[in-house]
Amino acid sequence: MIVFTRGFNLLTGLKSSAVKLWIKEELRKEQKQIQHIQINLLSDDELLYINQTYLNHNYYTDIITFDYSDSHYVSGELFISKDRVIENALKNKITSQHEYARVIIHGILHLCAYSDKSPSSKRKMRNRENIALQGFLF
């Protein structure tokens with residue numbers, strides 16, 4: 001099951017039904033099954049609080065992923081900063097819808113055990129994000 005923050009469609013400009021289908025297809029490609037994924041949209045300050053409280057990081061970020069997956073199912077929570085997404089979209093000269101999709105798939109890939117801690121793992125993850133984004137119809 002995939003659950004979205006109330007108002008997701010209005011806030012992101014994306015249709016939650018299309019995002020669900022896309023996530024399911026990308027997880028199928030990774031040979032993963034969904035147990036539960038919750039996608040939450042927060043303000044910068046709300047996400048900073050989570051970053052400080054649970055990860056001991058004192059900086060703003062666009063997404064935090066809590067992975068509850070086991071060997072059989074993908075499960076977790078994605079916390080996305082609406083403010084960071086808008087700012088990053090403007091900075092990168094892309095639509096906010098495209099940036100929301102990029103951040104969502106980034107979190108989904110973390111649930112599939114992708115890492116972005118080293119330069120090589122970051123490249124691998126970014127390449128996979130780009131492939132996934134090509135499959136999403138904006």
# chains A, B, ... in the order shown; residues from 1 in each chain; ligands from 1
>>> closest_atom_pairs(of="region 49-86 of chain A", to="region 3-23 of chain A", cutoff="12 Å", atoms="only C-alpha atoms", output="tab-separated table")
residue	atom	partner	partner_atom	distance
A:Val74	CA	A:Ile23	CA	11.4
A:Ser75	CA	A:Val3	CA	11.3
A:Gly76	CA	A:Val3	CA	10.6
A:Glu77	CA	A:Val3	CA	9.4
A:Leu78	CA	A:Phe4	CA	9.6
A:Phe79	CA	A:Thr5	CA	9.8
A:Ile80	CA	A:Thr5	CA	10.2
A:Ser81	CA	A:Thr12	CA	11.2
A:Lys82	CA	A:Leu11	CA	8.2
A:Asp83	CA	A:Leu11	CA	11.1
A:Val85	CA	A:Thr12	CA	9.5
A:Ile86	CA	A:Thr12	CA	9.6
>>> select_by_dssp(residues="chain A", states="strand (DSSP E)", output="list in words")
Ile2, Val3, Phe4, Ile34, Gln35, His36, Ile37, Gln38, Ile39, Asn40, Leu41, Leu42, Ile63, Ile64, Thr65, Phe66, Asp67, Val74, Ser75, Gly76, Glu77, Leu78, Phe79, Ile80 and Ser81 of chain A
>>> closest_residue(among="A:His36, A:Arg128, A:Ser118, A:Asp62", to="Leu48 (chain A)", atoms="only C-alpha atoms")
A:Asp62
>>> residues_around(residues="Thr65 (chain A)", least_positions_apart="6", cutoff="12 Å", atoms="only C-alpha atoms", output="PyMOL selection string")
chain A and resi 37-40+47+50-51+54-55+75-81+103-115
>>> select_by_dssp(residues="chain A", states="alpha helix (DSSP H)", output="ChimeraX atom specification")
/A:8-12,16-29,44-55,82-92,96-111,119-134
>>> closest_residue(among="A:Arg84, A:Leu133, A:Ser69, A:Gln31", to="Ser43 (chain A)", atoms="only C-alpha atoms")
A:Arg84
>>> closest_residue(among="A:Asn92, A:Ser71, A:Thr61, A:Ser121", to="Asp44 (chain A)", atoms="only C-alpha atoms")
A:Thr61
>>> closest_residue(among="A:Lys124, A:Tyr49, A:Gln35, A:Asn88", to="Asp67 (chain A)", atoms="only C-alpha atoms")
A:Gln35
